[in-house]
Protein chains: 2
Amino acid sequence: MHAERISYQELKALLKAIFLNNRTASETADILAENCSACERDGALSHGIFRVAGYIASLRSGWVDGHAVPEATRVGPSFIRIEARNGFAQRALCAADPLIRQAVGETGIAVAAIRDSHHFSALWPDVEPFALSGYVAITAVNGLANVVPHGGRKAVYGTNPIAFAVPVQDAPPLVVDQATSVMANGEVRLHALADKHVPQGTGVDRDGNPTTDPHAILAGGALNTFGGYKGSSIALFVEILAGAVTGGQFSFENDFTGFEGAQTPKAGQLMIVIDPNWGRSTNFEARLAGLCAQLVDAGQNRLPGTRRLANREEAERSGIPINCNELNRLRQLAGQRS
Amino acid sequence: MHAERISYQELKALLKAIFLNNRTASETADILAENCSACERDGALSHGIFRVAGYIASLRSGWVDGHAVPEATRVGPSFIRIEARNGFAQRALCAADPLIRQAVGETGIAVAAIRDSHHFSALWPDVEPFALSGYVAITAVNGLANVVPHGGRKAVYGTNPIAFAVPVQDAPPLVVDQATSVMANGEVRLHALADKHVPQGTGVDRDGNPTTDPHAILAGGALNTFGGYKGSSIALFVEILAGAVTGGQFSFENDFTGFEGAQTPKAGQLMIVIDPNWGRSTNFEARLAGLCAQLVDAGQNRLPGTRRLANREEAERSGIPINCNELNRLRQLAGQRS
């Protein structure tokens, strides 16, 4: 497959035009385009342009509101409540950002509880900016019920990802973003698209039987949680934080009936931001650098996020590689001549 | 093995006498005895009376200070900093408890950062009381370096447990407490004591080779993290929260040199307590009951903590079963005639 390399700015402009063509307000289109371009740039392909079709279908179906204006309220010194109003979580988080920073600055910790929101992307773009400001950030999102609790036979959880970001001295922030399912749903879709089997233990078919067929997992089947019962407990905690503490809804409460083409999960997102300097640690970032050095010394050859940062650097040098057919399709969707 | 059944109060009194006989202040002895008795009562045997010998050896070695008086300071509206002064984390948490409750009441969330502390027990006793008050609590503790990061060949992390507790309508709180290692260290010790092999994948020997021999794991070897690289990331985050955000020390910084018999890890503990009613959820506990019902409906036959609660009920009815030799040994340590 022949690929063309385009710049991050060019991709972002292209995606923004596509969102604007599909029932999305300018500010939201900007936020989503930036988010989606960053995922593609960093090689987080399951959340890059691969997602565009799903965004469009969901927006056209009326299931998610591209014109929603979120309402962020600081209901307590450290508690920010965000009503996403059936819009995208990224726009809601943007609206809350100044309040979160104000709260953490004044109290040492802030919690942002987003409800009635759609999250269709990776989580690392949500936490990385806080680490760049010297904060420790952690976030959790629930989703569509497509993950079986350990020992169960029916999907209850979403892939329920969890992410955290931490500043490190003389280095980019340490950023971890992972689904609590064995595999991210986007990865299953990529396997299905390529007609490639998934590893054993990844999921079950609609009858609850183990399968390595990604189509069977996507067609009424479900994924397993990672790490047996312990991973299942983490998935449970994400469900509680994102689906209940926010006042949002649980993964199993999503109902697409009447919204043909809808794909984005209506869920909740909880974000906790801590200023580590309120501990007794005046040298937090230096200590993190020491911890990272210890991991390397122990033989962990790749720290979390390393590959993403390498992709980012490469894209900044040489552009983002995109398959030509794919790029033509995006240009058509943006209303440009191919 | 013949067992005698004694009441929780009797066991607690016995253990308190033992702590008092071993360089521990009355208030600390009371807290530790309550904690240890509760573990034994709930069938959390690896943190019950099995730990008494380790407590005693550590206290006698001078490595941990049984007379330490912790200092808890509310350094910001939501941030409580606790200097454990080389004492036990449970005593430090006790000292912080009123400040935590004050902070969460006023701001919606509180973070308690304990440093220079020793934690030698389970975590569920630390979080359960907050859930009984209607709060969501999460805590993390680092420890002694005896866990290899995924892909590494040397221990960096402690077993780095994480626990959370959540209130549920018309039911006991949902409480999860799990090590981020494949197996808790106490479990490995119990296997070693019984000369039973641990499952494959549990750990490595001192040369970094996989082993199922608990003695090899304990003698310079190490445990693996649960759930591959994803579990390893959770262990990393615990290390950061408990070892760095608190201003405490990392697991690999423990050094027992000069303290013959020391066993308790000098580490940190981070606790976050959230009032879920500050979200938009006015029916949080009812929604949690709904989520639990969904898990049961999906076929998850045992919710987290179920066995512990069953043991507790049984112990309240019929007493706590303790092996007679063991009980005699405890009575001797307490200075009672056997």
# chains A, B, ... in the order shown; residues from 1 in each chain; ligands from 1

call {"tool": "select_by_dssp", "arguments": {"residues": "segment 75-263 of chain B", "states": "helix (DSSP H, G or I)", "output": "VMD selection string"}}
result
chain B and resid 89 to 107 124 to 132 185 to 193 214 to 218 228 to 245 251 to 253

call {"tool": "write_last_selection", "arguments": {"atoms": "C-alpha atoms", "output": "CSV table (one decimal), in the first residue's frame"}}
result
chain,number,residue,atom,x,y,z
B,89,ALA,CA,0.9,3.3,58.8
B,90,GLN,CA,-2.3,2.2,60.6
B,91,ARG,CA,-1.6,4.5,63.5
B,92,ALA,CA,-0.8,7.3,61.1
B,93,LEU,CA,-4.1,6.8,59.2
B,94,CYS,CA,-5.9,6.9,62.5
B,95,ALA,CA,-4.4,10.2,63.3
B,96,ALA,CA,-5.4,11.6,59.9
B,97,ASP,CA,-8.9,10.2,60.0
B,98,PRO,CA,-10.7,13.2,61.4
B,99,LEU,CA,-8.9,15.5,59.1
B,100,ILE,CA,-9.7,13.3,56.1
B,101,ARG,CA,-13.4,13.4,57.0
B,102,GLN,CA,-13.4,17.1,57.5
B,103,ALA,CA,-11.7,17.7,54.2
B,104,VAL,CA,-13.9,15.4,52.2
B,105,GLY,CA,-17.0,17.0,53.9
B,106,GLU,CA,-15.9,20.5,52.9
B,107,THR,CA,-14.4,19.9,49.5
B,124,TRP,CA,-9.1,-3.5,53.3
B,125,PRO,CA,-9.2,-2.5,57.0
B,126,ASP,CA,-8.0,0.9,55.9
B,127,VAL,CA,-10.7,1.6,53.3
B,128,GLU,CA,-13.8,-0.3,54.6
B,129,PRO,CA,-14.6,2.3,57.3
B,130,PHE,CA,-14.9,5.1,54.8
B,131,ALA,CA,-17.3,3.1,52.7
B,132,LEU,CA,-19.4,2.5,55.8
B,185,ASN,CA,4.0,-12.1,49.6
B,186,GLY,CA,2.2,-13.5,52.6
B,187,GLU,CA,0.7,-16.2,50.4
B,188,VAL,CA,4.1,-17.2,49.2
B,189,ARG,CA,5.2,-17.5,52.8
B,190,LEU,CA,2.2,-19.7,53.6
B,191,HIS,CA,3.2,-21.9,50.7
B,192,ALA,CA,6.8,-22.0,51.9
B,193,LEU,CA,5.6,-22.9,55.4
B,214,PRO,CA,8.2,-20.6,47.2
B,215,HIS,CA,11.6,-20.9,49.0
B,216,ALA,CA,13.5,-19.8,45.9
B,217,ILE,CA,11.2,-16.8,45.4
B,218,LEU,CA,11.7,-15.8,49.1
B,228,GLY,CA,1.6,-9.0,32.2
B,229,TYR,CA,2.5,-5.5,31.1
B,230,LYS,CA,-0.8,-4.0,32.1
B,231,GLY,CA,-0.5,-5.3,35.7
B,232,SER,CA,3.1,-4.0,35.7
B,233,SER,CA,1.8,-0.5,34.8
B,234,ILE,CA,-0.6,-0.6,37.8
B,235,ALA,CA,2.3,-1.7,40.1
B,236,LEU,CA,4.3,1.3,38.7
B,237,PHE,CA,1.5,3.7,39.4
B,238,VAL,CA,1.2,2.4,43.0
B,239,GLU,CA,5.0,2.9,43.4
B,240,ILE,CA,4.6,6.5,42.2
B,241,LEU,CA,1.6,7.3,44.3
B,242,ALA,CA,2.8,5.6,47.5
B,243,GLY,CA,6.5,6.1,47.1
B,244,ALA,CA,6.8,9.6,45.5
B,245,VAL,CA,3.5,11.6,45.8
B,251,SER,CA,10.4,-0.1,47.5
B,252,PHE,CA,13.9,-0.5,46.2
B,253,GLU,CA,15.2,2.0,48.7

call {"tool": "residues_around", "arguments": {"residues": "Ile6 of chain A", "least_positions_apart": "5", "cutoff": "9 Å", "atoms": "only C-alpha atoms", "output": "PyMOL selection string"}}
result
chain A and resi 11+315+318-322

call {"tool": "residues_around", "arguments": {"residues": "Leu330 of chain A", "least_positions_apart": "3", "cutoff": "9 Å", "atoms": "only C-alpha atoms", "output": "list of chain:residue names"}}
result
A:Leu14, A:Leu15, A:Ile18, A:Ile49, A:Val52, A:Asn325, A:Glu326, A:Leu327, A:Leu333, A:Ala334, A:Gly335, A:Gln336, A:Ser338

call {"tool": "residues_around", "arguments": {"residues": "Pro161 of chain B", "least_positions_apart": "4", "cutoff": "6 Å", "atoms": "only C-alpha atoms", "output": "ChimeraX atom specification"}}
result
/B:140-141,178-180

call {"tool": "closest_residue", "arguments": {"among": "A:Thr159, A:Thr225, A:Asn22, A:Asn328", "to": "Ala53 of chain A", "atoms": "only C-alpha atoms"}}
result
A:Asn22

call {"tool": "closest_residue", "arguments": {"among": "B:Met183, B:Val198, B:Leu59, B:Leu123", "to": "chain A", "atoms": "only C-alpha atoms"}}
result
B:Met183

call {"tool": "select_by_dssp", "arguments": {"residues": "segment 49-199 of chain A", "states": "strand (DSSP E)", "output": "PyMOL selection string"}}
result
chain A and resi 71-76+79-88+109-118+136-141+147-148+162-168+171-178

call {"tool": "write_last_selection", "arguments": {"atoms": "C-alpha atoms", "output": "short mmCIF file (atom, residue, chain, number, x, y, z; two decimals), in the first residue's frame"}}
result
data_model
loop_
_atom_site.label_atom_id
_atom_site.label_comp_id
_atom_site.auth_asym_id
_atom_site.auth_seq_id
_atom_site.Cartn_x
_atom_site.Cartn_y
_atom_site.Cartn_z
CA GLU A 71 -21.50 23.07 31.49
CA ALA A 72 -18.65 22.86 34.00
CA THR A 73 -19.33 23.86 37.61
CA ARG A 74 -16.96 23.95 40.54
CA VAL A 75 -19.43 22.57 43.06
CA GLY A 76 -16.84 22.45 45.84
CA PHE A 79 -14.91 19.02 42.91
CA ILE A 80 -15.78 19.97 39.34
CA ARG A 81 -18.96 18.58 37.88
CA ILE A 82 -19.35 18.62 34.12
CA GLU A 83 -22.61 18.12 32.28
CA ALA A 84 -21.52 17.10 28.76
CA ARG A 85 -25.10 17.23 27.54
CA ASN A 86 -24.73 14.27 25.22
CA GLY A 87 -21.64 15.77 23.58
CA PHE A 88 -18.07 14.56 23.45
CA ILE A 109 -6.15 17.84 44.36
CA ALA A 110 -9.09 18.14 42.01
CA VAL A 111 -11.67 15.68 40.80
CA ALA A 112 -13.54 16.28 37.55
CA ALA A 113 -16.70 14.24 37.07
CA ILE A 114 -18.01 14.26 33.51
CA ARG A 115 -21.39 12.72 32.80
CA ASP A 116 -23.65 12.27 29.78
CA SER A 117 -20.57 12.23 27.56
CA HIS A 118 -19.22 10.23 24.62
CA VAL A 136 -0.08 13.74 38.40
CA ALA A 137 -3.28 12.92 36.52
CA ILE A 138 -5.39 9.78 36.44
CA THR A 139 -8.55 9.19 34.47
CA ALA A 140 -11.05 6.40 33.85
CA VAL A 141 -13.84 6.01 31.30
CA VAL A 147 -16.44 -7.15 28.41
CA VAL A 148 -17.34 -10.14 30.58
CA ILE A 162 -7.55 3.76 32.71
CA ALA A 163 -4.72 6.22 32.11
CA PHE A 164 -2.22 8.15 34.16
CA ALA A 165 0.48 10.68 33.44
CA VAL A 166 3.36 11.79 35.65
CA PRO A 167 6.06 14.43 35.11
CA VAL A 168 9.67 13.23 34.92
CA ALA A 171 12.26 13.71 30.07
CA PRO A 172 8.77 13.64 28.58
CA PRO A 173 6.00 12.72 31.04
CA LEU A 174 5.52 9.04 31.80
CA VAL A 175 2.10 8.23 30.32
CA VAL A 176 0.23 4.95 30.60
CA ASP A 177 -3.09 4.32 28.84
CA GLN A 178 -4.58 0.86 28.83
#

call {"tool": "closest_residue", "arguments": {"among": "B:Gly299, B:Pro265, B:Gly43, B:Pro149", "to": "Glu314 of chain B", "atoms": "only C-alpha atoms"}}
result
B:Gly43

call {"tool": "atom_distance", "arguments": {"atom1": "atom CA of His197 of chain B", "atom2": "atom CA of Ala44 of chain B"}}
result
20.0 Å

call {"tool": "decode", "arguments": {"residues": "segment 60-132 of chain B", "atoms": "C-alpha atoms", "output": "PDB file, in the first residue's frame"}}
result
ATOM      1  CA  ARG B  60      12.729  -5.787  68.515  1.00  0.00           C
ATOM      2  CA  SER B  61      15.223  -4.948  65.773  1.00  0.00           C
ATOM      3  CA  GLY B  62      14.545  -1.233  66.151  1.00  0.00           C
ATOM      4  CA  TRP B  63      13.757  -0.965  62.422  1.00  0.00           C
ATOM      5  CA  VAL B  64      10.196   0.219  63.159  1.00  0.00           C
ATOM      6  CA  ASP B  65       9.269   2.470  66.066  1.00  0.00           C
ATOM      7  CA  GLY B  66       6.309   1.181  68.079  1.00  0.00           C
ATOM      8  CA  HIS B  67       6.297   4.377  70.093  1.00  0.00           C
ATOM      9  CA  ALA B  68       6.228   6.778  67.123  1.00  0.00           C
ATOM     10  CA  VAL B  69       3.622   9.529  67.397  1.00  0.00           C
ATOM     11  CA  PRO B  70       2.460  10.488  63.896  1.00  0.00           C
ATOM     12  CA  GLU B  71       1.873  14.075  62.885  1.00  0.00           C
ATOM     13  CA  ALA B  72      -1.057  14.767  60.568  1.00  0.00           C
ATOM     14  CA  THR B  73      -1.369  18.199  58.977  1.00  0.00           C
ATOM     15  CA  ARG B  74      -4.056  19.517  56.683  1.00  0.00           C
ATOM     16  CA  VAL B  75      -1.699  21.423  54.401  1.00  0.00           C
ATOM     17  CA  GLY B  76      -4.474  22.430  52.011  1.00  0.00           C
ATOM     18  CA  PRO B  77      -8.260  22.241  51.951  1.00  0.00           C
ATOM     19  CA  SER B  78      -8.111  18.709  50.475  1.00  0.00           C
ATOM     20  CA  PHE B  79      -4.554  17.588  51.200  1.00  0.00           C
ATOM     21  CA  ILE B  80      -3.540  15.884  54.433  1.00  0.00           C
ATOM     22  CA  ARG B  81       0.111  15.134  54.937  1.00  0.00           C
ATOM     23  CA  ILE B  82       1.087  12.573  57.549  1.00  0.00           C
ATOM     24  CA  GLU B  83       4.544  12.106  58.958  1.00  0.00           C
ATOM     25  CA  ALA B  84       4.472   8.577  60.392  1.00  0.00           C
ATOM     26  CA  ARG B  85       7.927   9.048  61.911  1.00  0.00           C
ATOM     27  CA  ASN B  86       9.001   5.491  61.260  1.00  0.00           C
ATOM     28  CA  GLY B  87       5.894   4.104  62.934  1.00  0.00           C
ATOM     29  CA  PHE B  88       3.047   2.009  61.585  1.00  0.00           C
ATOM     30  CA  ALA B  89       0.853   3.318  58.770  1.00  0.00           C
ATOM     31  CA  GLN B  90      -2.337   2.248  60.559  1.00  0.00           C
ATOM     32  CA  ARG B  91      -1.587   4.542  63.493  1.00  0.00           C
ATOM     33  CA  ALA B  92      -0.784   7.349  61.055  1.00  0.00           C
ATOM     34  CA  LEU B  93      -4.063   6.832  59.208  1.00  0.00           C
ATOM     35  CA  CYS B  94      -5.918   6.899  62.530  1.00  0.00           C
ATOM     36  CA  ALA B  95      -4.360  10.240  63.329  1.00  0.00           C
ATOM     37  CA  ALA B  96      -5.396  11.580  59.930  1.00  0.00           C
ATOM     38  CA  ASP B  97      -8.931  10.176  60.005  1.00  0.00           C
ATOM     39  CA  PRO B  98     -10.745  13.231  61.436  1.00  0.00           C
ATOM     40  CA  LEU B  99      -8.870  15.546  59.059  1.00  0.00           C
ATOM     41  CA  ILE B 100      -9.729  13.338  56.066  1.00  0.00           C
ATOM     42  CA  ARG B 101     -13.402  13.358  56.980  1.00  0.00           C
ATOM     43  CA  GLN B 102     -13.351  17.119  57.540  1.00  0.00           C
ATOM     44  CA  ALA B 103     -11.677  17.699  54.166  1.00  0.00           C
ATOM     45  CA  VAL B 104     -13.949  15.429  52.163  1.00  0.00           C
ATOM     46  CA  GLY B 105     -16.970  16.996  53.854  1.00  0.00           C
ATOM     47  CA  GLU B 106     -15.859  20.485  52.911  1.00  0.00           C
ATOM     48  CA  THR B 107     -14.380  19.913  49.453  1.00  0.00           C
ATOM     49  CA  GLY B 108     -15.766  16.647  48.063  1.00  0.00           C
ATOM     50  CA  ILE B 109     -12.434  14.812  47.957  1.00  0.00           C
ATOM     51  CA  ALA B 110      -9.450  14.339  50.223  1.00  0.00           C
ATOM     52  CA  VAL B 111      -6.020  12.925  49.681  1.00  0.00           C
ATOM     53  CA  ALA B 112      -3.989  11.601  52.609  1.00  0.00           C
ATOM     54  CA  ALA B 113      -0.280  11.168  51.969  1.00  0.00           C
ATOM     55  CA  ILE B 114       1.496   9.074  54.586  1.00  0.00           C
ATOM     56  CA  ARG B 115       5.267   8.876  54.503  1.00  0.00           C
ATOM     57  CA  ASP B 116       7.981   7.205  56.568  1.00  0.00           C
ATOM     58  CA  SER B 117       5.527   4.481  57.532  1.00  0.00           C
ATOM     59  CA  HIS B 118       5.465   0.693  57.839  1.00  0.00           C
ATOM     60  CA  HIS B 119       2.548  -1.306  56.451  1.00  0.00           C
ATOM     61  CA  PHE B 120       2.583  -5.000  57.231  1.00  0.00           C
ATOM     62  CA  SER B 121      -1.107  -5.842  56.876  1.00  0.00           C
ATOM     63  CA  ALA B 122      -4.007  -5.987  54.446  1.00  0.00           C
ATOM     64  CA  LEU B 123      -5.428  -2.779  52.999  1.00  0.00           C
ATOM     65  CA  TRP B 124      -9.142  -3.501  53.262  1.00  0.00           C
ATOM     66  CA  PRO B 125      -9.241  -2.511  56.961  1.00  0.00           C
ATOM     67  CA  ASP B 126      -8.014   0.941  55.881  1.00  0.00           C
ATOM     68  CA  VAL B 127     -10.726   1.613  53.276  1.00  0.00           C
ATOM     69  CA  GLU B 128     -13.772  -0.252  54.600  1.00  0.00           C
ATOM     70  CA  PRO B 129     -14.609   2.320  57.334  1.00  0.00           C
ATOM     71  CA  PHE B 130     -14.865   5.123  54.764  1.00  0.00           C
ATOM     72  CA  ALA B 131     -17.345   3.132  52.680  1.00  0.00           C
ATOM     73  CA  LEU B 132     -19.360   2.469  55.839  1.00  0.00           C
TER      74      LEU B 132
END
